[in-house]
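This is final24.txt. It holds compact mmCIF, C-alpha atoms.
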```txt
# COMPACT_ATOMS: atom_id res chain seq x y z
CA MET A 1 22.66 -43.98 -12.70
CA ALA A 2 22.47 -41.70 -15.71
CA THR A 3 20.14 -38.74 -15.57
CA VAL A 4 17.81 -38.04 -18.45
CA PRO A 5 18.02 -34.41 -19.58
CA LEU A 6 14.77 -32.54 -19.64
CA SER A 7 13.49 -31.53 -23.02
CA ALA A 8 12.86 -27.90 -23.86
CA ALA A 9 9.12 -28.65 -23.98
CA ALA A 10 9.21 -30.16 -20.47
CA ILE A 11 10.94 -27.04 -19.16
CA ARG A 12 8.42 -24.78 -20.84
CA ARG A 13 5.34 -26.60 -19.48
CA PRO A 14 5.54 -25.34 -15.86
CA ARG A 15 6.18 -21.83 -17.10
CA THR A 16 3.21 -22.04 -19.48
CA ALA A 17 1.03 -23.40 -16.66
CA ARG A 18 1.95 -20.44 -14.45
CA ILE A 19 1.04 -18.01 -17.21
CA GLU A 20 -2.27 -19.78 -17.85
CA ARG A 21 -3.16 -19.51 -14.14
CA ILE A 22 -2.94 -15.71 -14.15
CA VAL A 23 -4.75 -15.13 -17.45
CA PRO A 24 -8.41 -15.12 -16.18
CA GLY A 25 -7.81 -12.70 -13.29
CA LEU A 26 -5.46 -10.51 -15.32
CA ALA A 27 -8.03 -10.32 -18.14
CA LEU A 28 -10.68 -9.27 -15.62
CA CYS A 29 -8.42 -6.52 -14.24
CA LEU A 30 -7.63 -5.32 -17.77
CA GLY A 31 -11.36 -5.26 -18.54
CA VAL A 32 -12.07 -3.12 -15.48
CA THR A 33 -9.16 -0.87 -16.50
CA GLY A 34 -10.61 -0.45 -20.00
CA VAL A 35 -14.00 0.53 -18.60
CA ALA A 36 -12.36 3.00 -16.20
CA PHE A 37 -10.46 4.72 -19.02
CA ALA A 38 -13.59 4.77 -21.17
CA LEU A 39 -15.63 6.43 -18.40
CA ALA A 40 -12.86 8.97 -17.83
CA GLY A 41 -12.96 9.75 -21.55
CA ILE A 42 -16.73 10.23 -21.41
CA GLU A 43 -16.27 12.63 -18.48
CA GLN A 44 -13.77 14.62 -20.52
CA ARG A 45 -16.12 14.91 -23.48
CA LEU A 46 -19.21 15.77 -21.43
CA PHE A 47 -17.72 18.15 -18.86
CA GLY A 48 -14.47 19.32 -20.43
CA GLU A 49 -12.46 17.84 -17.58
CA VAL A 50 -12.11 14.59 -15.64
CA TRP A 51 -13.68 14.70 -12.17
CA LEU A 52 -12.96 11.07 -11.29
CA GLU A 53 -9.63 9.83 -12.65
CA ALA A 54 -9.31 6.37 -14.20
CA LEU A 55 -7.34 5.32 -11.10
CA VAL A 56 -10.28 6.09 -8.83
CA LEU A 57 -12.85 4.70 -11.24
CA ALA A 58 -10.93 1.41 -11.49
CA ILE A 59 -11.02 0.82 -7.76
CA LEU A 60 -14.69 1.84 -7.53
CA ILE A 61 -15.68 -0.50 -10.35
CA GLY A 62 -13.59 -3.31 -8.91
CA THR A 63 -15.11 -2.82 -5.46
CA ALA A 64 -18.64 -2.80 -6.90
CA ILE A 65 -17.99 -6.06 -8.76
CA ARG A 66 -16.44 -7.69 -5.68
CA SER A 67 -19.36 -6.65 -3.49
CA ILE A 68 -21.92 -8.42 -5.67
CA TRP A 69 -19.78 -11.32 -6.92
CA THR A 70 -17.06 -13.34 -5.21
CA PRO A 71 -14.47 -14.45 -7.81
CA PRO A 72 -13.92 -18.24 -7.82
CA ALA A 73 -10.44 -19.58 -7.06
CA ARG A 74 -9.38 -19.67 -10.72
CA TRP A 75 -9.58 -15.88 -10.91
CA LEU A 76 -7.47 -15.17 -7.83
CA PRO A 77 -3.90 -15.79 -9.15
CA GLY A 78 -4.33 -13.17 -11.88
CA ILE A 79 -5.92 -10.67 -9.48
CA ASP A 80 -3.09 -11.18 -6.99
CA PHE A 81 -0.52 -10.86 -9.79
CA SER A 82 -2.07 -7.57 -10.91
CA ALA A 83 -2.32 -6.19 -7.38
CA LYS A 84 1.24 -7.08 -6.39
CA LEU A 85 3.80 -7.53 -9.17
CA LEU A 86 2.30 -5.06 -11.66
CA LEU A 87 2.06 -2.48 -8.88
CA GLU A 88 5.69 -3.05 -7.88
CA ILE A 89 6.81 -2.60 -11.48
CA ALA A 90 4.72 0.59 -11.69
CA VAL A 91 6.39 1.96 -8.55
CA VAL A 92 9.84 1.29 -10.03
CA LEU A 93 8.90 3.08 -13.25
CA LEU A 94 7.44 5.96 -11.27
CA GLY A 95 10.92 6.64 -9.91
CA ALA A 96 11.88 7.99 -13.33
CA SER A 97 9.45 10.88 -12.83
CA VAL A 98 10.86 11.91 -9.45
CA SER A 99 13.45 14.64 -9.79
CA ALA A 100 16.29 15.34 -7.38
CA ALA A 101 14.74 18.78 -6.85
CA THR A 102 11.65 17.18 -5.30
CA ILE A 103 13.77 15.17 -2.88
CA LEU A 104 15.87 18.19 -1.96
CA ALA A 105 12.69 20.16 -1.39
CA ALA A 106 11.62 17.54 1.16
CA GLY A 107 14.81 17.83 3.19
CA PRO A 108 16.01 15.78 6.17
CA ALA A 109 13.40 17.35 8.44
CA LEU A 110 10.63 15.59 6.50
CA LEU A 111 12.41 12.24 6.70
CA ILE A 112 12.79 12.58 10.46
CA GLY A 113 9.18 13.76 10.66
CA ILE A 114 7.93 10.67 8.80
CA ALA A 115 9.63 8.37 11.31
CA ALA A 116 8.27 10.39 14.24
CA THR A 117 4.77 10.38 12.73
CA VAL A 118 4.78 6.60 12.35
CA PHE A 119 5.79 5.94 15.96
CA LEU A 120 3.50 8.63 17.37
CA ALA A 121 0.56 7.33 15.35
CA ILE A 122 1.20 3.72 16.42
CA GLY A 123 1.28 4.75 20.07
CA ALA A 124 -1.85 6.87 19.81
CA SER A 125 -3.75 4.25 17.81
CA PHE A 126 -2.80 1.48 20.24
CA ALA A 127 -4.02 3.62 23.14
CA ILE A 128 -7.33 4.27 21.36
CA GLY A 129 -7.82 0.57 20.73
CA ARG A 130 -7.15 -0.33 24.35
CA LEU A 131 -9.45 2.42 25.63
CA LEU A 132 -12.20 0.96 23.42
CA GLY A 133 -11.62 -2.48 24.89
CA LEU A 134 -9.76 -4.17 22.04
CA PRO A 135 -7.34 -6.98 22.96
CA ARG A 136 -3.70 -5.91 22.87
CA ARG A 137 -2.83 -7.85 19.75
CA MET A 138 -5.86 -6.57 17.82
CA ALA A 139 -5.07 -3.02 18.93
CA THR A 140 -1.49 -3.51 17.71
CA LEU A 141 -2.62 -4.76 14.29
CA VAL A 142 -4.97 -1.80 13.85
CA ALA A 143 -2.25 0.62 14.98
CA CYS A 144 0.39 -0.73 12.60
CA GLY A 145 -2.01 -1.09 9.67
CA ASN A 146 -3.17 2.50 10.04
CA SER A 147 0.24 4.01 10.72
CA ILE A 148 2.47 2.24 8.18
CA CYS A 149 1.08 0.53 5.10
CA GLY A 150 -2.24 -1.19 5.67
CA ASN A 151 -2.44 -4.87 4.75
CA SER A 152 1.32 -5.32 4.29
CA ALA A 153 2.02 -4.02 7.78
CA ILE A 154 -0.71 -6.19 9.30
CA ALA A 155 0.63 -9.30 7.54
CA ALA A 156 4.21 -8.52 8.62
CA VAL A 157 3.36 -7.71 12.24
CA ALA A 158 0.90 -10.59 12.85
CA PRO A 159 3.49 -13.40 13.29
CA VAL A 160 5.72 -11.16 15.40
CA ILE A 161 3.00 -10.64 18.02
CA GLY A 162 1.30 -14.03 17.62
CA ALA A 163 -1.98 -12.64 16.25
CA ASP A 164 -4.62 -15.16 15.18
CA SER A 165 -6.27 -15.34 11.76
CA ASP A 166 -9.57 -13.79 12.88
CA ASP A 167 -7.82 -10.65 14.15
CA VAL A 168 -5.77 -10.42 10.96
CA ALA A 169 -8.86 -10.84 8.73
CA ALA A 170 -10.82 -8.16 10.60
CA ALA A 171 -7.95 -5.65 10.51
CA ILE A 172 -7.28 -6.24 6.81
CA ALA A 173 -10.98 -5.89 5.93
CA PHE A 174 -11.10 -2.47 7.53
CA THR A 175 -7.93 -1.13 5.95
CA ALA A 176 -9.14 -2.29 2.53
CA VAL A 177 -12.58 -0.67 2.77
CA LEU A 178 -11.52 2.46 4.64
CA GLY A 179 -8.62 2.92 2.21
CA VAL A 180 -11.09 3.38 -0.63
CA GLY A 181 -12.93 6.05 1.34
CA VAL A 182 -9.69 7.91 2.05
CA VAL A 183 -8.74 7.89 -1.64
CA LEU A 184 -12.07 9.48 -2.55
CA GLY A 185 -12.25 12.00 0.29
CA LEU A 186 -8.65 13.16 0.69
CA PRO A 187 -8.49 15.38 -2.44
CA LEU A 188 -11.56 17.27 -1.22
CA LEU A 189 -9.92 17.72 2.18
CA GLY A 190 -6.74 18.95 0.52
CA LEU A 191 -8.70 21.58 -1.37
CA ALA A 192 -10.56 22.62 1.78
CA LEU A 193 -7.26 23.00 3.65
CA ARG A 194 -5.76 24.93 0.70
CA LEU A 195 -2.65 22.76 0.59
CA SER A 196 -0.08 23.30 -2.15
CA GLU A 197 0.83 20.38 -4.44
CA LEU A 198 3.95 19.63 -2.39
CA GLN A 199 2.09 19.87 0.92
CA TYR A 200 -0.79 17.74 -0.30
CA GLY A 201 1.57 15.10 -1.69
CA ALA A 202 3.33 14.82 1.68
CA PHE A 203 -0.04 14.74 3.47
CA ALA A 204 -1.31 11.94 1.22
CA GLY A 205 1.91 9.96 1.61
CA LEU A 206 1.64 10.22 5.40
CA THR A 207 -2.02 9.22 5.71
CA VAL A 208 -3.05 6.89 2.86
CA TYR A 209 -2.51 3.16 3.39
CA ALA A 210 -1.10 1.65 0.19
CA VAL A 211 1.18 2.95 -2.57
CA PRO A 212 -1.44 2.72 -5.36
CA GLN A 213 -3.96 4.48 -3.14
CA VAL A 214 -1.46 7.29 -2.55
CA ILE A 215 -1.03 7.68 -6.29
CA ALA A 216 -4.80 7.69 -6.82
CA ALA A 217 -5.36 10.23 -4.04
CA ALA A 218 -2.55 12.48 -5.29
CA THR A 219 -3.40 12.39 -9.01
CA PRO A 220 -6.13 15.08 -8.91
CA MET A 221 -3.61 17.53 -7.40
CA GLY A 222 -0.92 17.15 -10.07
CA ALA A 223 2.43 15.52 -10.88
CA THR A 224 4.33 17.18 -8.02
CA ALA A 225 1.82 15.80 -5.53
CA ILE A 226 2.24 12.31 -7.01
CA GLN A 227 6.04 12.50 -6.79
CA MET A 228 6.08 13.76 -3.22
CA GLY A 229 3.30 11.42 -2.09
CA THR A 230 5.06 8.35 -3.49
CA LEU A 231 8.40 9.34 -1.98
CA VAL A 232 6.90 9.95 1.47
CA LYS A 233 4.89 6.74 1.30
CA LEU A 234 7.91 4.61 0.43
CA VAL A 235 9.89 6.12 3.31
CA ARG A 236 6.92 5.26 5.52
CA VAL A 237 6.99 1.66 4.24
CA LEU A 238 10.67 1.43 5.17
CA MET A 239 9.63 2.01 8.79
CA LEU A 240 8.09 -1.47 8.81
CA GLY A 241 11.48 -3.06 9.55
CA PRO A 242 12.27 -1.02 12.70
CA VAL A 243 8.68 -1.37 13.90
CA CYS A 244 8.72 -5.18 13.55
CA LEU A 245 12.02 -5.40 15.41
CA THR A 246 10.67 -3.17 18.17
CA LEU A 247 7.50 -5.25 18.47
CA SER A 248 9.50 -8.47 18.65
CA ILE A 249 11.14 -7.07 21.79
CA LEU A 250 7.82 -5.92 23.25
CA ALA A 251 5.85 -9.00 22.14
CA PRO A 252 5.70 -10.74 25.56
CA ARG A 253 3.66 -7.80 26.85
CA LEU A 254 1.05 -7.98 24.10
CA CYS A 255 -0.94 -10.86 25.55
CA GLU A 256 -1.35 -12.93 28.67
CA ASP A 257 0.72 -15.84 27.36
CA GLY A 258 4.05 -14.19 28.10
CA THR A 259 6.14 -17.38 28.03
CA GLU A 260 5.04 -18.42 24.56
CA LEU A 261 5.39 -14.91 23.14
CA ALA A 262 8.83 -14.53 24.69
CA ARG A 263 9.89 -17.63 22.78
CA LEU A 264 8.25 -16.28 19.61
CA ALA A 265 9.86 -12.86 20.00
CA SER A 266 13.29 -14.41 20.47
CA ALA A 267 12.82 -16.52 17.35
CA GLU A 268 11.66 -13.50 15.35
CA ARG A 269 14.71 -11.47 16.42
CA ARG A 270 17.06 -14.28 15.39
CA LYS A 271 15.22 -14.58 12.09
CA ALA A 272 15.40 -10.81 11.48
CA ASN A 273 19.13 -10.77 12.19
CA ARG A 274 19.69 -13.39 9.47
CA LEU A 275 17.57 -11.69 6.83
CA PRO A 276 19.44 -10.41 3.76
CA ILE A 277 18.90 -6.82 2.63
CA HIS A 278 16.34 -7.76 -0.06
CA HIS A 279 14.06 -9.19 2.65
CA LEU A 280 14.33 -6.12 4.83
CA VAL A 281 13.91 -3.67 1.95
CA PRO A 282 11.44 -4.69 -0.81
CA TRP A 283 13.01 -4.92 -4.26
CA PHE A 284 10.67 -2.36 -5.76
CA ILE A 285 11.79 0.30 -3.28
CA LEU A 286 15.40 -0.31 -4.28
CA GLY A 287 14.29 -0.14 -7.92
CA PHE A 288 12.41 3.10 -7.28
CA LEU A 289 15.50 4.65 -5.67
CA GLY A 290 17.65 3.36 -8.55
CA MET A 291 15.37 5.04 -11.09
CA ILE A 292 15.55 8.30 -9.15
CA ALA A 293 19.34 8.10 -9.27
CA ALA A 294 19.29 7.31 -12.99
CA ARG A 295 17.01 10.30 -13.63
CA SER A 296 19.16 12.59 -11.48
CA PHE A 297 22.38 11.63 -13.30
CA GLY A 298 20.80 12.00 -16.73
CA LEU A 299 20.98 8.27 -17.56
CA ILE A 300 17.37 8.16 -18.78
CA PRO A 301 16.85 9.81 -22.18
CA GLN A 302 14.40 12.68 -22.14
CA ALA A 303 12.38 11.05 -24.92
CA ALA A 304 11.85 7.96 -22.73
CA LEU A 305 10.34 9.81 -19.78
CA ALA A 306 6.83 10.20 -21.24
CA PRO A 307 6.48 6.53 -22.32
CA ILE A 308 7.80 5.37 -18.94
CA ALA A 309 5.30 7.61 -17.13
CA GLY A 310 2.49 6.30 -19.36
CA ALA A 311 3.42 2.69 -18.62
CA ALA A 312 3.55 3.45 -14.89
CA THR A 313 0.07 5.00 -15.05
CA LEU A 314 -1.41 2.07 -16.98
CA LEU A 315 0.06 -0.54 -14.63
CA THR A 316 -1.11 1.45 -11.63
CA VAL A 317 -4.69 1.59 -12.92
CA VAL A 318 -4.62 -2.18 -13.51
CA SER A 319 -3.37 -2.71 -9.95
CA MET A 320 -6.09 -0.42 -8.63
CA ALA A 321 -8.68 -2.53 -10.44
CA ALA A 322 -7.19 -5.60 -8.76
CA LEU A 323 -7.20 -3.85 -5.40
CA GLY A 324 -10.89 -3.03 -5.81
CA LEU A 325 -11.65 -6.64 -6.76
CA GLY A 326 -10.17 -7.66 -3.42
CA VAL A 327 -12.40 -5.35 -1.36
CA ASP A 328 -15.74 -6.65 -0.07
CA VAL A 329 -17.54 -3.90 1.85
CA ARG A 330 -19.82 -6.52 3.44
CA THR A 331 -16.93 -7.82 5.56
CA VAL A 332 -16.85 -4.62 7.58
CA ALA A 333 -20.22 -5.34 9.17
CA LYS A 334 -18.83 -8.58 10.62
CA ALA A 335 -16.01 -6.94 12.59
CA GLY A 336 -18.03 -5.06 15.21
CA GLY A 337 -18.48 -1.51 16.43
CA ARG A 338 -15.40 -1.30 18.66
CA VAL A 339 -13.05 -2.22 15.83
CA THR A 340 -14.82 0.24 13.53
CA ALA A 341 -14.45 3.04 16.06
CA ALA A 342 -10.81 2.18 16.73
CA VAL A 343 -9.87 2.20 13.03
CA VAL A 344 -11.73 5.43 12.23
CA LEU A 345 -10.44 7.31 15.29
CA SER A 346 -6.90 6.08 14.62
CA LEU A 347 -7.09 7.35 11.05
CA LEU A 348 -8.30 10.76 12.25
CA VAL A 349 -5.40 10.96 14.73
CA LEU A 350 -2.94 10.00 11.99
CA GLY A 351 -4.41 12.72 9.76
CA ALA A 352 -4.09 15.31 12.53
CA ILE A 353 -0.45 14.39 13.24
CA SER A 354 0.38 14.40 9.53
CA PHE A 355 -1.26 17.77 8.93
CA ALA A 356 0.63 19.23 11.90
CA LEU A 357 3.93 17.97 10.43
CA VAL A 358 3.19 19.31 6.94
CA THR A 359 2.24 22.69 8.43
CA MET A 360 5.35 22.91 10.63
CA LEU A 361 7.71 22.08 7.76
CA HIS A 362 6.35 24.91 5.55
CA LEU A 363 6.65 22.87 2.36
CA GLY A 364 6.32 24.98 -0.77
```

Output the file's structure in the form of structure tokens.
Amino acid sequence: MATVPLSAAAIRRPRTARIERIVPGLALCLGVTGVAFALAGIEQRLFGEVWLEALVLAILIGTAIRSIWTPPARWLPGIDFSAKLLLEIAVVLLGASVSAATILAAGPALLIGIAATVFLAIGASFAIGRLLGLPRRMATLVACGNSICGNSAIAAVAPVIGADSDDVAAAIAFTAVLGVGVVLGLPLLGLALRLSELQYGAFAGLTVYAVPQVIAAATPMGATAIQMGTLVKLVRVLMLGPVCLTLSILAPRLCEDGTELARLASAERRKANRLPIHHLVPWFILGFLGMIAARSFGLIPQAALAPIAGAATLLTVVSMAALGLGVDVRTVAKAGGRVTAAVVLSLLVLGAISFALVTMLHLG
């Protein structure tokens, strides 16, 4: 039976439909971004300097909109596109601004310290959750979300430990809302602690949940803080693989249904062993490292660095607007006092461990 070749128009239709789906949400994120830049410009004219960067303003405006209006389903594809893919592209472009000198300044001690911080923080956070009476799986979600990378860590760990949707929703709600508070408060804490740009960047990378939030928290302290914060954060994200594999081994102990979780853990280990490298390491991290290498070997023209940095900033602000549009502060009230206490105390412990590491390393 002969096959009928598809016309060029038929091939284009699905692609056009995908683009049309993201337009409403993307337009909304771009609108929030425009307002954020306009307000930052007004700050500059009125006060001679910008107190709240466009990155921070975008997430605040987005959060305010989301708290009084829930976007219908037609808006969500564009918001998700802005929060995920545009952010990943921004992270790749940001690699062009990271010099080899910054990496060398970090040294192997910092890399080892990041890994130790993640595992120490997970253990401490899990203990806090259990002491406050949280179920083991909920305590594990809170611990991993706080200690690694917020929502991404929670989503990755949930199937490994057999967590249900209610636990996942509560943990994600807290990391989203608390993440905004950390972005706003961390620069003030950095000033109070008299941290240098390099120290503050490492501190932000160790404590803030998501990559765009790290960038937003580091921006008030300068370019060096942004470079170091992003580098530390991405190393922290890489810890998600070892943590998931470790939890798949420990999974039978995380709830009463040991038989079922033993089967689940075994399946997860087999699945992890078959995963190709691009599933274990996100593509944008590889792209970020590739851009660092290109910058270090002089493969990126000097004249291109400023436009690349500008594009990275713009895309990051758009993703921050999308992140804010996904945060509903009203959801926190539904999770309960014990979860609130566990998340807040875990974050304070993570901050204390991170500050101790930054102080011991004597970063410049």

| From A:Leu347, A:Gly185, A:Ile148, A:Val98, residue lying nearest A:Val118 [all atoms listed in the file] |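 Between A:Leu347, A:Gly185, A:Ile148, A:Val98, the residue approaching A:Val118 most closely is A:Ile148.
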
| field | Distance of atom CA of A:Ser125 from atom CA of A:Val237, expressed in Å to one decimal place | value |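 Value for the atom CA of A:Val237-atom CA of A:Ser125 distance: 17.5 Å.
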
| said: Between atom CA of A:Leu132 and atom CA of A:Ala342, what is the distance in Å, rounded to a tenth? | reply: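 Between these atoms lies a distance of 6.9 Å.
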
| request: Go ahead and compute the interatomic distance for atom CA of A:Met138 and atom CA of A:Leu345, in Å to one decimal. | output: 14.8 Å

| Hey, what's within 7 Å of stretch 193-201 of chain A if we count only C-alpha atoms and toss same-chain stuff fewer than 2 positions away? As a ChimeraX atom specification, please? | /A:189-191,203-205,218,221-222,224-226,228-229,358,363-364

| Got a sec to check which residues sit within 7 Å of (-4.7, -0.4, -8.2), counting all atoms listed in the file, and write them as a PyMOL selection string? | chain A and resi 55+59+83+212+316-323

Just to be explicit: take each residue in the selection above, keep C-alpha atoms, and write the result as a tab-separated table (two decimals), in the coordinates of the input.
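Saved as result_0.tsv:
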```
chain	number	residue	atom	x	y	z
A	55	LEU	CA	-7.34	5.32	-11.10
A	59	ILE	CA	-11.02	0.82	-7.76
A	83	ALA	CA	-2.32	-6.19	-7.38
A	212	PRO	CA	-1.44	2.72	-5.36
A	316	THR	CA	-1.11	1.45	-11.63
A	317	VAL	CA	-4.69	1.59	-12.92
A	318	VAL	CA	-4.62	-2.18	-13.51
A	319	SER	CA	-3.37	-2.71	-9.95
A	320	MET	CA	-6.09	-0.42	-8.63
A	321	ALA	CA	-8.68	-2.53	-10.44
A	322	ALA	CA	-7.19	-5.60	-8.76
A	323	LEU	CA	-7.20	-3.85	-5.40
```

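Minimum atom-to-atom distance to A:Leu26, evaluated using all atoms listed in the file, belongs to A:Leu315 out of A:Leu186, A:Leu247, A:Leu315, A:Leu52.
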
Show me as a CSV table (one decimal) with C-alpha atoms, keeping the file's coordinate frame the residues that reach within 9 Å of (-21.0, -5.9, -2.3), counting only C-alpha atoms and using the file's own coordinates.
```
chain,number,residue,atom,x,y,z
A,63,THR,CA,-15.1,-2.8,-5.5
A,64,ALA,CA,-18.6,-2.8,-6.9
A,65,ILE,CA,-18.0,-6.1,-8.8
A,66,ARG,CA,-16.4,-7.7,-5.7
A,67,SER,CA,-19.4,-6.6,-3.5
A,68,ILE,CA,-21.9,-8.4,-5.7
A,69,TRP,CA,-19.8,-11.3,-6.9
A,70,THR,CA,-17.1,-13.3,-5.2
A,327,VAL,CA,-12.4,-5.4,-1.4
A,328,ASP,CA,-15.7,-6.6,-0.1
A,329,VAL,CA,-17.5,-3.9,1.8
A,330,ARG,CA,-19.8,-6.5,3.4
```

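Shortest separation to A:Leu110 among A:Leu39, A:Leu141, A:Ala202, A:Ala311 occurs at residue A:Ala202, atoms counted being only C-alpha atoms.
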